[in-house]
file structure12.txt (compact mmCIF, N, CA and C atoms)
# COMPACT_ATOMS: atom_id res chain seq x y z
N GLN A 769 -10.25 -3.84 -35.33
CA GLN A 769 -10.78 -3.53 -34.02
C GLN A 769 -11.49 -4.76 -33.46
N VAL A 770 -11.51 -4.87 -32.14
CA VAL A 770 -12.15 -6.00 -31.49
C VAL A 770 -13.14 -5.48 -30.45
N GLN A 771 -14.24 -6.18 -30.31
CA GLN A 771 -15.21 -5.90 -29.26
C GLN A 771 -15.15 -7.02 -28.24
N LEU A 772 -15.21 -6.65 -26.97
CA LEU A 772 -15.07 -7.61 -25.88
C LEU A 772 -16.31 -7.58 -25.00
N VAL A 773 -16.83 -8.76 -24.66
CA VAL A 773 -17.99 -8.85 -23.80
C VAL A 773 -17.72 -9.88 -22.71
N GLU A 774 -17.73 -9.41 -21.46
CA GLU A 774 -17.51 -10.30 -20.33
C GLU A 774 -18.82 -10.91 -19.85
N SER A 775 -18.72 -12.09 -19.27
CA SER A 775 -19.87 -12.75 -18.66
C SER A 775 -19.36 -13.72 -17.61
N GLY A 776 -20.28 -14.25 -16.83
CA GLY A 776 -19.92 -15.26 -15.85
C GLY A 776 -19.84 -14.76 -14.42
N GLY A 777 -19.98 -13.46 -14.24
CA GLY A 777 -19.94 -12.94 -12.88
C GLY A 777 -21.18 -13.34 -12.10
N GLY A 778 -21.13 -13.08 -10.80
CA GLY A 778 -22.27 -13.41 -9.95
C GLY A 778 -21.90 -13.37 -8.49
N LEU A 779 -22.78 -13.95 -7.69
CA LEU A 779 -22.59 -14.00 -6.24
C LEU A 779 -22.11 -15.40 -5.85
N VAL A 780 -21.05 -15.45 -5.07
CA VAL A 780 -20.49 -16.74 -4.64
C VAL A 780 -20.03 -16.61 -3.20
N GLN A 781 -20.02 -17.71 -2.49
CA GLN A 781 -19.57 -17.70 -1.10
C GLN A 781 -18.05 -17.77 -1.03
N THR A 782 -17.52 -17.34 0.08
CA THR A 782 -16.08 -17.45 0.32
C THR A 782 -15.63 -18.90 0.12
N GLY A 783 -14.53 -19.05 -0.61
CA GLY A 783 -14.01 -20.37 -0.90
C GLY A 783 -14.54 -20.97 -2.18
N GLY A 784 -15.53 -20.33 -2.78
CA GLY A 784 -16.13 -20.84 -4.00
C GLY A 784 -15.34 -20.50 -5.24
N SER A 785 -15.90 -20.88 -6.39
CA SER A 785 -15.23 -20.67 -7.66
C SER A 785 -16.19 -20.04 -8.67
N LEU A 786 -15.60 -19.34 -9.62
CA LEU A 786 -16.33 -18.79 -10.76
C LEU A 786 -15.42 -18.82 -11.96
N ARG A 787 -16.02 -18.90 -13.14
CA ARG A 787 -15.24 -18.75 -14.36
C ARG A 787 -15.84 -17.61 -15.17
N LEU A 788 -15.02 -16.61 -15.40
CA LEU A 788 -15.43 -15.49 -16.23
C LEU A 788 -15.02 -15.76 -17.67
N SER A 789 -15.85 -15.29 -18.57
CA SER A 789 -15.55 -15.41 -20.00
C SER A 789 -15.46 -14.03 -20.62
N CYS A 790 -14.60 -13.91 -21.60
CA CYS A 790 -14.46 -12.68 -22.37
C CYS A 790 -14.55 -13.08 -23.84
N ALA A 791 -15.72 -12.84 -24.42
CA ALA A 791 -15.94 -13.21 -25.81
C ALA A 791 -15.56 -12.06 -26.72
N ALA A 792 -14.78 -12.36 -27.73
CA ALA A 792 -14.31 -11.33 -28.66
C ALA A 792 -15.04 -11.45 -29.99
N SER A 793 -15.24 -10.32 -30.63
CA SER A 793 -15.79 -10.29 -31.97
C SER A 793 -15.08 -9.20 -32.75
N GLY A 794 -15.09 -9.33 -34.05
CA GLY A 794 -14.42 -8.36 -34.90
C GLY A 794 -13.05 -8.83 -35.35
N ARG A 795 -12.27 -9.35 -34.43
CA ARG A 795 -10.98 -9.94 -34.73
C ARG A 795 -10.76 -11.08 -33.76
N THR A 796 -9.81 -11.92 -34.06
CA THR A 796 -9.56 -13.08 -33.21
C THR A 796 -8.68 -12.71 -32.03
N VAL A 797 -8.93 -13.36 -30.90
CA VAL A 797 -8.14 -13.06 -29.70
C VAL A 797 -6.69 -13.44 -29.88
N SER A 798 -6.41 -14.31 -30.83
CA SER A 798 -5.02 -14.72 -31.06
C SER A 798 -4.18 -13.56 -31.60
N SER A 799 -4.83 -12.47 -32.00
CA SER A 799 -4.11 -11.30 -32.49
C SER A 799 -3.66 -10.38 -31.37
N TYR A 800 -4.07 -10.68 -30.14
CA TYR A 800 -3.87 -9.75 -29.03
C TYR A 800 -3.23 -10.41 -27.83
N ALA A 801 -2.53 -9.61 -27.06
CA ALA A 801 -2.26 -9.95 -25.67
C ALA A 801 -3.53 -9.59 -24.90
N MET A 802 -3.86 -10.41 -23.92
CA MET A 802 -5.13 -10.22 -23.19
C MET A 802 -4.88 -10.08 -21.70
N GLY A 803 -5.74 -9.33 -21.07
CA GLY A 803 -5.61 -9.14 -19.63
C GLY A 803 -6.95 -9.02 -18.95
N TRP A 804 -6.92 -9.20 -17.64
CA TRP A 804 -8.07 -8.95 -16.78
C TRP A 804 -7.66 -7.94 -15.70
N PHE A 805 -8.55 -7.01 -15.47
CA PHE A 805 -8.40 -6.03 -14.40
C PHE A 805 -9.66 -6.10 -13.54
N ARG A 806 -9.59 -5.48 -12.37
CA ARG A 806 -10.78 -5.41 -11.54
C ARG A 806 -10.82 -4.09 -10.78
N GLN A 807 -12.05 -3.70 -10.45
CA GLN A 807 -12.25 -2.45 -9.73
C GLN A 807 -13.24 -2.69 -8.60
N ALA A 808 -12.74 -2.57 -7.38
CA ALA A 808 -13.59 -2.71 -6.20
C ALA A 808 -14.29 -1.38 -5.93
N PRO A 809 -15.39 -1.42 -5.20
CA PRO A 809 -16.13 -0.19 -4.90
C PRO A 809 -15.25 0.85 -4.23
N GLY A 810 -15.25 2.05 -4.78
CA GLY A 810 -14.49 3.14 -4.21
C GLY A 810 -13.00 3.07 -4.43
N LYS A 811 -12.55 2.14 -5.26
CA LYS A 811 -11.11 1.99 -5.49
C LYS A 811 -10.80 2.09 -6.98
N GLU A 812 -9.51 2.26 -7.26
CA GLU A 812 -9.07 2.32 -8.64
C GLU A 812 -9.06 0.92 -9.26
N ARG A 813 -9.11 0.90 -10.56
CA ARG A 813 -9.01 -0.36 -11.29
C ARG A 813 -7.58 -0.87 -11.21
N VAL A 814 -7.42 -2.17 -10.96
CA VAL A 814 -6.09 -2.74 -10.79
C VAL A 814 -5.92 -3.98 -11.64
N PHE A 815 -4.70 -4.28 -11.93
CA PHE A 815 -4.32 -5.43 -12.73
C PHE A 815 -4.59 -6.74 -11.97
N VAL A 816 -5.04 -7.75 -12.72
CA VAL A 816 -5.25 -9.08 -12.14
C VAL A 816 -4.32 -10.10 -12.80
N VAL A 817 -4.41 -10.19 -14.13
CA VAL A 817 -3.64 -11.20 -14.84
C VAL A 817 -3.58 -10.83 -16.31
N ALA A 818 -2.52 -11.28 -16.99
CA ALA A 818 -2.39 -11.07 -18.43
C ALA A 818 -1.70 -12.26 -19.07
N VAL A 819 -1.95 -12.42 -20.36
CA VAL A 819 -1.28 -13.46 -21.13
C VAL A 819 -0.79 -12.84 -22.43
N THR A 820 0.40 -13.23 -22.85
CA THR A 820 0.95 -12.71 -24.09
C THR A 820 0.19 -13.25 -25.29
N ARG A 821 0.41 -12.63 -26.41
CA ARG A 821 -0.32 -13.02 -27.62
C ARG A 821 -0.09 -14.49 -27.96
N SER A 822 1.12 -14.96 -27.78
CA SER A 822 1.42 -16.36 -28.09
C SER A 822 0.89 -17.32 -27.05
N GLY A 823 0.57 -16.78 -25.87
CA GLY A 823 0.17 -17.63 -24.76
C GLY A 823 1.34 -18.20 -24.00
N GLY A 824 2.54 -17.80 -24.39
CA GLY A 824 3.73 -18.38 -23.79
C GLY A 824 4.06 -17.85 -22.41
N ASN A 825 3.56 -16.67 -22.11
CA ASN A 825 3.83 -16.07 -20.80
C ASN A 825 2.56 -15.54 -20.18
N THR A 826 2.45 -15.75 -18.88
CA THR A 826 1.34 -15.19 -18.12
C THR A 826 1.90 -14.41 -16.93
N TYR A 827 1.17 -13.39 -16.55
CA TYR A 827 1.58 -12.54 -15.44
C TYR A 827 0.40 -12.40 -14.49
N TYR A 828 0.65 -12.62 -13.23
CA TYR A 828 -0.41 -12.58 -12.23
C TYR A 828 -0.08 -11.55 -11.15
N ALA A 829 -1.13 -10.89 -10.68
CA ALA A 829 -0.98 -10.07 -9.48
C ALA A 829 -0.71 -10.99 -8.30
N ASP A 830 0.09 -10.53 -7.36
CA ASP A 830 0.43 -11.38 -6.20
C ASP A 830 -0.82 -11.82 -5.45
N SER A 831 -1.83 -10.97 -5.44
CA SER A 831 -3.03 -11.26 -4.66
C SER A 831 -3.85 -12.43 -5.21
N VAL A 832 -3.60 -12.82 -6.46
CA VAL A 832 -4.40 -13.90 -7.06
C VAL A 832 -3.57 -15.10 -7.47
N LYS A 833 -2.26 -15.03 -7.30
CA LYS A 833 -1.40 -16.16 -7.70
C LYS A 833 -1.80 -17.42 -6.96
N GLY A 834 -1.89 -18.50 -7.73
CA GLY A 834 -2.26 -19.77 -7.14
C GLY A 834 -3.75 -19.99 -7.02
N ARG A 835 -4.54 -18.93 -7.25
CA ARG A 835 -5.99 -19.05 -7.14
C ARG A 835 -6.70 -18.78 -8.47
N PHE A 836 -6.14 -17.90 -9.28
CA PHE A 836 -6.75 -17.54 -10.57
C PHE A 836 -5.90 -18.07 -11.71
N THR A 837 -6.58 -18.42 -12.80
CA THR A 837 -5.88 -18.90 -13.98
C THR A 837 -6.51 -18.29 -15.23
N ILE A 838 -5.66 -17.72 -16.08
CA ILE A 838 -6.14 -17.20 -17.36
C ILE A 838 -5.89 -18.24 -18.44
N SER A 839 -6.84 -18.33 -19.36
CA SER A 839 -6.66 -19.23 -20.50
C SER A 839 -7.38 -18.64 -21.70
N ARG A 840 -7.04 -19.14 -22.86
CA ARG A 840 -7.69 -18.65 -24.07
C ARG A 840 -8.04 -19.82 -24.96
N ASP A 841 -9.19 -19.73 -25.58
CA ASP A 841 -9.63 -20.73 -26.55
C ASP A 841 -9.79 -20.00 -27.87
N ASN A 842 -8.79 -20.12 -28.71
CA ASN A 842 -8.81 -19.39 -29.97
C ASN A 842 -9.95 -19.86 -30.87
N ALA A 843 -10.30 -21.13 -30.79
CA ALA A 843 -11.38 -21.65 -31.63
C ALA A 843 -12.71 -20.99 -31.27
N LYS A 844 -12.89 -20.69 -29.98
CA LYS A 844 -14.12 -20.03 -29.52
C LYS A 844 -13.97 -18.53 -29.44
N ASN A 845 -12.76 -18.05 -29.73
CA ASN A 845 -12.48 -16.62 -29.69
C ASN A 845 -12.82 -16.04 -28.32
N THR A 846 -12.42 -16.75 -27.29
CA THR A 846 -12.79 -16.40 -25.92
C THR A 846 -11.59 -16.56 -25.00
N VAL A 847 -11.51 -15.65 -24.04
CA VAL A 847 -10.51 -15.73 -22.97
C VAL A 847 -11.27 -15.98 -21.67
N TYR A 848 -10.69 -16.80 -20.83
CA TYR A 848 -11.35 -17.16 -19.57
C TYR A 848 -10.50 -16.73 -18.37
N LEU A 849 -11.19 -16.50 -17.28
CA LEU A 849 -10.53 -16.29 -16.00
C LEU A 849 -11.18 -17.25 -15.01
N GLN A 850 -10.45 -18.31 -14.68
CA GLN A 850 -10.93 -19.26 -13.69
C GLN A 850 -10.49 -18.78 -12.32
N MET A 851 -11.46 -18.58 -11.44
CA MET A 851 -11.18 -18.06 -10.11
C MET A 851 -11.61 -19.09 -9.08
N SER A 852 -10.73 -19.42 -8.17
CA SER A 852 -11.05 -20.38 -7.11
C SER A 852 -10.59 -19.83 -5.77
N SER A 853 -11.01 -20.50 -4.71
CA SER A 853 -10.69 -20.05 -3.34
C SER A 853 -10.99 -18.57 -3.19
N LEU A 854 -12.15 -18.16 -3.65
CA LEU A 854 -12.50 -16.75 -3.65
C LEU A 854 -12.65 -16.19 -2.25
N LYS A 855 -12.27 -14.93 -2.12
CA LYS A 855 -12.30 -14.22 -0.85
C LYS A 855 -13.18 -12.98 -1.00
N PRO A 856 -13.70 -12.47 0.10
CA PRO A 856 -14.50 -11.24 0.00
C PRO A 856 -13.74 -10.09 -0.68
N GLU A 857 -12.44 -10.03 -0.49
CA GLU A 857 -11.66 -8.96 -1.11
C GLU A 857 -11.53 -9.11 -2.62
N ASP A 858 -11.99 -10.22 -3.17
CA ASP A 858 -12.03 -10.37 -4.63
C ASP A 858 -13.27 -9.71 -5.23
N THR A 859 -14.16 -9.24 -4.39
CA THR A 859 -15.37 -8.58 -4.87
C THR A 859 -15.01 -7.34 -5.67
N ALA A 860 -15.49 -7.28 -6.91
CA ALA A 860 -15.15 -6.18 -7.81
C ALA A 860 -15.88 -6.36 -9.12
N VAL A 861 -15.82 -5.33 -9.94
CA VAL A 861 -16.19 -5.46 -11.34
C VAL A 861 -14.93 -5.89 -12.09
N TYR A 862 -15.05 -6.95 -12.86
CA TYR A 862 -13.91 -7.50 -13.59
C TYR A 862 -14.01 -7.11 -15.07
N TYR A 863 -12.89 -6.60 -15.58
CA TYR A 863 -12.84 -6.13 -16.95
C TYR A 863 -11.83 -6.93 -17.75
N CYS A 864 -12.22 -7.25 -18.95
CA CYS A 864 -11.34 -7.89 -19.91
C CYS A 864 -10.74 -6.80 -20.80
N ALA A 865 -9.49 -6.97 -21.20
CA ALA A 865 -8.83 -5.97 -22.04
C ALA A 865 -7.92 -6.64 -23.05
N ALA A 866 -7.74 -5.98 -24.18
CA ALA A 866 -6.90 -6.51 -25.25
C ALA A 866 -5.87 -5.48 -25.69
N LYS A 867 -4.69 -5.98 -26.00
CA LYS A 867 -3.62 -5.11 -26.48
C LYS A 867 -3.20 -5.56 -27.87
N ASP A 868 -3.16 -4.61 -28.81
CA ASP A 868 -2.58 -4.91 -30.12
C ASP A 868 -1.13 -5.31 -29.93
N GLY A 869 -0.76 -6.45 -30.50
CA GLY A 869 0.61 -6.91 -30.31
C GLY A 869 0.72 -7.74 -29.06
N THR A 870 1.82 -7.57 -28.34
CA THR A 870 2.03 -8.39 -27.15
C THR A 870 2.82 -7.62 -26.11
N PHE A 871 3.07 -8.27 -24.99
CA PHE A 871 3.88 -7.69 -23.93
C PHE A 871 5.26 -8.33 -23.95
N TYR A 872 6.25 -7.53 -23.64
CA TYR A 872 7.60 -8.05 -23.54
C TYR A 872 8.14 -7.95 -22.13
N SER A 873 7.29 -7.52 -21.21
CA SER A 873 7.69 -7.48 -19.82
C SER A 873 6.45 -7.51 -18.94
N ALA A 874 6.63 -8.04 -17.74
CA ALA A 874 5.54 -8.08 -16.78
C ALA A 874 5.11 -6.68 -16.37
N VAL A 875 6.08 -5.78 -16.30
CA VAL A 875 5.77 -4.40 -15.90
C VAL A 875 4.75 -3.78 -16.84
N LEU A 876 4.96 -3.94 -18.13
CA LEU A 876 4.05 -3.35 -19.10
C LEU A 876 2.67 -4.00 -19.04
N ALA A 877 2.62 -5.30 -18.78
CA ALA A 877 1.34 -6.01 -18.74
C ALA A 877 0.44 -5.49 -17.62
N HIS A 878 1.04 -4.91 -16.59
CA HIS A 878 0.28 -4.41 -15.45
C HIS A 878 -0.37 -3.06 -15.71
N LEU A 879 0.02 -2.38 -16.77
CA LEU A 879 -0.38 -0.99 -16.97
C LEU A 879 -1.64 -0.87 -17.82
N GLU A 880 -2.65 -0.18 -17.30
CA GLU A 880 -3.90 0.00 -18.04
C GLU A 880 -3.70 0.65 -19.39
N ASP A 881 -2.81 1.63 -19.45
CA ASP A 881 -2.66 2.38 -20.70
C ASP A 881 -1.97 1.58 -21.80
N GLN A 882 -1.54 0.36 -21.49
CA GLN A 882 -0.97 -0.50 -22.52
C GLN A 882 -2.05 -1.22 -23.34
N TYR A 883 -3.27 -1.20 -22.84
CA TYR A 883 -4.36 -1.94 -23.48
C TYR A 883 -5.17 -1.03 -24.38
N ASP A 884 -5.60 -1.58 -25.49
CA ASP A 884 -6.27 -0.78 -26.50
C ASP A 884 -7.79 -0.93 -26.48
N TYR A 885 -8.29 -2.05 -26.00
CA TYR A 885 -9.73 -2.32 -26.03
C TYR A 885 -10.17 -2.89 -24.68
N TRP A 886 -11.38 -2.52 -24.29
CA TRP A 886 -11.92 -2.92 -23.00
C TRP A 886 -13.36 -3.40 -23.15
N GLY A 887 -13.72 -4.36 -22.30
CA GLY A 887 -15.10 -4.77 -22.19
C GLY A 887 -15.84 -3.89 -21.19
N GLN A 888 -17.11 -4.19 -20.99
CA GLN A 888 -17.95 -3.36 -20.14
C GLN A 888 -17.89 -3.79 -18.67
N GLY A 889 -17.35 -4.96 -18.42
CA GLY A 889 -17.20 -5.44 -17.06
C GLY A 889 -18.30 -6.39 -16.62
N THR A 890 -17.97 -7.23 -15.65
CA THR A 890 -18.94 -8.13 -15.05
C THR A 890 -18.71 -8.15 -13.54
N GLN A 891 -19.79 -8.11 -12.78
CA GLN A 891 -19.69 -7.99 -11.33
C GLN A 891 -19.46 -9.35 -10.68
N VAL A 892 -18.49 -9.39 -9.79
CA VAL A 892 -18.24 -10.58 -8.96
C VAL A 892 -18.39 -10.15 -7.51
N THR A 893 -19.24 -10.85 -6.79
CA THR A 893 -19.43 -10.56 -5.38
C THR A 893 -19.19 -11.83 -4.58
N VAL A 894 -18.29 -11.73 -3.61
CA VAL A 894 -17.95 -12.87 -2.76
C VAL A 894 -18.46 -12.56 -1.36
N SER A 895 -19.38 -13.37 -0.89
CA SER A 895 -19.96 -13.16 0.44
C SER A 895 -19.17 -13.89 1.49
N SER A 896 -19.10 -13.29 2.67
CA SER A 896 -18.34 -13.90 3.76
C SER A 896 -19.21 -14.81 4.61
call {"tool": "encode", "arguments": {"input": "structure12.txt", "output": "structure tokens"}}
result
Amino acid sequence: QVQLVESGGGLVQTGGSLRLSCAASGRTVSSYAMGWFRQAPGKERVFVVAVTRSGGNTYYADSVKGRFTISRDNAKNTVYLQMSSLKPEDTAVYYCAAKDGTFYSAVLAHLEDQYDYWGQGTQVTVSS
């Protein structure tokens, strides 16, 4: 089992950048496919980005392509979400998630029920 703790959220102006971290404990992140989801106020949680266990494939939501980048540092047992050119519509609670095994399709990576472990979330607020 793995425990996930997100950090790095905060308040940023439109056009700014933030880097979120997802620190894992219990097992190494290299054992999992990893993803980020977000939930805006009054809305359902939605997929943002995922990376396969090997790191060979990444999947991005159309709304963040070209602006967000997922990466993993196995030595630090941490997954990152680098966010740039932030917009007010990026305001949400961001959740890190882990899947035992890996993804073999982008469709599966988008689905919440494919993930086995979740962090508690970190708030990102983008002011206009």
call {"tool": "select_by_dssp", "arguments": {"input": "structure12.txt", "residues": "chain A", "states": "alpha helix (DSSP H)", "output": "PyMOL selection string"}}
result
chain A and resi 874-877
call {"tool": "residues_around", "arguments": {"input": "structure12.txt", "residues": "Ser839 of chain A", "least_positions_apart": "2", "cutoff": "7 Å", "atoms": "only N, CA and C atoms", "output": "JSON, numbers by chain"}}
result
{"A": [837, 841, 846, 847, 848, 849, 850]}
call {"tool": "closest_residue", "arguments": {"input": "structure12.txt", "among": "A:Lys844, A:Val797, A:Ser852, A:Gln781", "to": "Asp868 of chain A", "atoms": "only C-alpha atoms"}}
result
A:Val797
call {"tool": "residues_around", "arguments": {"input": "structure12.txt", "residues": "segment 858-861 of chain A", "least_positions_apart": "3", "cutoff": "9 Å", "atoms": "only C-alpha atoms", "output": "list in words"}}
result
Gly777, Phe805, Arg806, Gln807, Ala808, Pro809, Arg813, Val832, Leu854, Lys855, Gly889, Thr890, Gln891, Val892, Thr893, Val894 and Ser895 of chain A
call {"tool": "atom_distance", "arguments": {"input": "structure12.txt", "atom1": "atom CA of Glu880 of chain A", "atom2": "atom CA of Ala801 of chain A"}}
result
12.6 Å
call {"tool": "residues_around", "arguments": {"input": "structure12.txt", "residues": "Arg795 of chain A", "least_positions_apart": "3", "cutoff": "9 Å", "atoms": "only C-alpha atoms", "output": "compact mmCIF listing (two decimals) with N, CA and C atoms, in the coordinates of the input"}}
result
# COMPACT_ATOMS: atom_id res chain seq x y z
N GLN A 769 -10.25 -3.84 -35.33
CA GLN A 769 -10.78 -3.53 -34.02
C GLN A 769 -11.49 -4.76 -33.46
N VAL A 770 -11.51 -4.87 -32.14
CA VAL A 770 -12.15 -6.00 -31.49
C VAL A 770 -13.14 -5.48 -30.45
N GLN A 771 -14.24 -6.18 -30.31
CA GLN A 771 -15.21 -5.90 -29.26
C GLN A 771 -15.15 -7.02 -28.24
N ALA A 792 -14.78 -12.36 -27.73
CA ALA A 792 -14.31 -11.33 -28.66
C ALA A 792 -15.04 -11.45 -29.99
N SER A 798 -6.41 -14.31 -30.83
CA SER A 798 -5.02 -14.72 -31.06
C SER A 798 -4.18 -13.56 -31.60
N SER A 799 -4.83 -12.47 -32.00
CA SER A 799 -4.11 -11.30 -32.49
C SER A 799 -3.66 -10.38 -31.37
N ASN A 845 -12.76 -18.05 -29.73
CA ASN A 845 -12.48 -16.62 -29.69
C ASN A 845 -12.82 -16.04 -28.32
call {"tool": "atom_distance", "arguments": {"input": "structure12.txt", "atom1": "atom CA of Lys811 of chain A", "atom2": "atom N of Leu879 of chain A"}}
result
16.4 Å
call {"tool": "decode", "arguments": {"input": "structure12.txt", "residues": "segment 797-875 of chain A", "atoms": "C-alpha atoms", "output": "PDB file, in the first residue's frame"}}
result
ATOM      1  CA  VAL A 797       6.111   5.470  -7.000  1.00  0.00           C
ATOM      2  CA  SER A 798       7.933   3.413  -9.611  1.00  0.00           C
ATOM      3  CA  SER A 799       5.517   0.597  -8.735  1.00  0.00           C
ATOM      4  CA  TYR A 800       2.514   2.603  -9.906  1.00  0.00           C
ATOM      5  CA  ALA A 801       0.970   4.465 -12.750  1.00  0.00           C
ATOM      6  CA  MET A 802       0.306   7.963 -11.419  1.00  0.00           C
ATOM      7  CA  GLY A 803      -2.266  10.586 -12.164  1.00  0.00           C
ATOM      8  CA  TRP A 804      -3.557  13.999 -11.194  1.00  0.00           C
ATOM      9  CA  PHE A 805      -7.205  14.963 -11.004  1.00  0.00           C
ATOM     10  CA  ARG A 806      -8.885  18.183  -9.975  1.00  0.00           C
ATOM     11  CA  GLN A 807     -12.204  19.268  -8.563  1.00  0.00           C
ATOM     12  CA  ALA A 808     -13.503  22.796  -8.972  1.00  0.00           C
ATOM     13  CA  PRO A 809     -16.100  24.195  -6.563  1.00  0.00           C
ATOM     14  CA  GLY A 810     -19.499  22.685  -7.224  1.00  0.00           C
ATOM     15  CA  LYS A 811     -18.189  20.373  -9.927  1.00  0.00           C
ATOM     16  CA  GLU A 812     -17.183  16.754 -10.256  1.00  0.00           C
ATOM     17  CA  ARG A 813     -13.592  15.640 -10.033  1.00  0.00           C
ATOM     18  CA  VAL A 814     -11.999  15.396 -13.466  1.00  0.00           C
ATOM     19  CA  PHE A 815      -8.877  13.958 -15.005  1.00  0.00           C
ATOM     20  CA  VAL A 816      -5.863  16.208 -15.582  1.00  0.00           C
ATOM     21  CA  VAL A 817      -2.877  14.054 -16.482  1.00  0.00           C
ATOM     22  CA  ALA A 818      -1.420  10.574 -16.004  1.00  0.00           C
ATOM     23  CA  VAL A 819       1.846   8.774 -16.565  1.00  0.00           C
ATOM     24  CA  THR A 820       2.371   5.052 -17.002  1.00  0.00           C
ATOM     25  CA  ARG A 821       4.411   3.066 -14.541  1.00  0.00           C
ATOM     26  CA  SER A 822       7.414   3.022 -16.867  1.00  0.00           C
ATOM     27  CA  GLY A 823       7.082   6.718 -17.575  1.00  0.00           C
ATOM     28  CA  GLY A 824       6.968   5.924 -21.257  1.00  0.00           C
ATOM     29  CA  ASN A 825       3.530   7.358 -21.880  1.00  0.00           C
ATOM     30  CA  THR A 826       1.720  10.407 -20.598  1.00  0.00           C
ATOM     31  CA  TYR A 827      -1.887  11.400 -21.109  1.00  0.00           C
ATOM     32  CA  TYR A 828      -3.178  14.935 -20.765  1.00  0.00           C
ATOM     33  CA  ALA A 829      -6.619  16.454 -20.649  1.00  0.00           C
ATOM     34  CA  ASP A 830      -7.130  18.758 -23.623  1.00  0.00           C
ATOM     35  CA  SER A 831      -7.653  21.691 -21.274  1.00  0.00           C
ATOM     36  CA  VAL A 832      -4.085  21.479 -19.921  1.00  0.00           C
ATOM     37  CA  LYS A 833      -2.067  20.269 -22.917  1.00  0.00           C
ATOM     38  CA  GLY A 834       0.930  22.451 -23.531  1.00  0.00           C
ATOM     39  CA  ARG A 835       0.622  24.102 -20.116  1.00  0.00           C
ATOM     40  CA  PHE A 836       0.965  21.278 -17.568  1.00  0.00           C
ATOM     41  CA  THR A 837       3.684  18.665 -17.309  1.00  0.00           C
ATOM     42  CA  ILE A 838       3.792  15.556 -15.148  1.00  0.00           C
ATOM     43  CA  SER A 839       7.095  14.113 -14.024  1.00  0.00           C
ATOM     44  CA  ARG A 840       8.349  11.651 -11.472  1.00  0.00           C
ATOM     45  CA  ASP A 841      11.512  11.472  -9.415  1.00  0.00           C
ATOM     46  CA  ASN A 842      11.862   7.899  -8.272  1.00  0.00           C
ATOM     47  CA  ALA A 843      14.855   8.744  -6.081  1.00  0.00           C
ATOM     48  CA  LYS A 844      12.694  11.205  -4.120  1.00  0.00           C
ATOM     49  CA  ASN A 845       9.627   8.993  -4.402  1.00  0.00           C
ATOM     50  CA  THR A 846       7.694  12.002  -5.642  1.00  0.00           C
ATOM     51  CA  VAL A 847       5.527  12.891  -8.611  1.00  0.00           C
ATOM     52  CA  TYR A 848       5.264  16.487  -9.762  1.00  0.00           C
ATOM     53  CA  LEU A 849       2.751  18.532 -11.688  1.00  0.00           C
ATOM     54  CA  GLN A 850       4.319  21.608 -13.229  1.00  0.00           C
ATOM     55  CA  MET A 851       1.610  24.091 -14.137  1.00  0.00           C
ATOM     56  CA  SER A 852       2.230  27.196 -16.221  1.00  0.00           C
ATOM     57  CA  SER A 853       0.145  29.831 -17.999  1.00  0.00           C
ATOM     58  CA  LEU A 854      -2.456  29.316 -15.308  1.00  0.00           C
ATOM     59  CA  LYS A 855      -6.006  30.481 -15.865  1.00  0.00           C
ATOM     60  CA  PRO A 856      -8.831  31.182 -13.419  1.00  0.00           C
ATOM     61  CA  GLU A 857     -10.564  28.040 -14.675  1.00  0.00           C
ATOM     62  CA  ASP A 858      -7.642  26.003 -13.328  1.00  0.00           C
ATOM     63  CA  THR A 859      -8.808  26.876  -9.818  1.00  0.00           C
ATOM     64  CA  ALA A 860      -9.563  23.602  -8.038  1.00  0.00           C
ATOM     65  CA  VAL A 861      -8.451  21.127  -5.451  1.00  0.00           C
ATOM     66  CA  TYR A 862      -5.801  18.948  -7.087  1.00  0.00           C
ATOM     67  CA  TYR A 863      -5.531  15.283  -6.173  1.00  0.00           C
ATOM     68  CA  CYS A 864      -2.728  12.849  -6.764  1.00  0.00           C
ATOM     69  CA  ALA A 865      -3.641   9.215  -7.421  1.00  0.00           C
ATOM     70  CA  ALA A 866      -1.836   5.921  -7.901  1.00  0.00           C
ATOM     71  CA  LYS A 867      -2.783   2.770  -9.756  1.00  0.00           C
ATOM     72  CA  ASP A 868      -1.344  -0.661  -9.055  1.00  0.00           C
ATOM     73  CA  GLY A 869       0.215  -1.715 -12.321  1.00  0.00           C
ATOM     74  CA  THR A 870      -0.086   0.550 -15.307  1.00  0.00           C
ATOM     75  CA  PHE A 871      -2.374   1.852 -18.023  1.00  0.00           C
ATOM     76  CA  TYR A 872      -2.569   0.379 -21.477  1.00  0.00           C
ATOM     77  CA  SER A 873      -4.821   3.027 -22.937  1.00  0.00           C
ATOM     78  CA  ALA A 874      -5.527   6.717 -22.548  1.00  0.00           C
ATOM     79  CA  VAL A 875      -9.196   5.943 -21.979  1.00  0.00           C
TER      80      VAL A 875
END
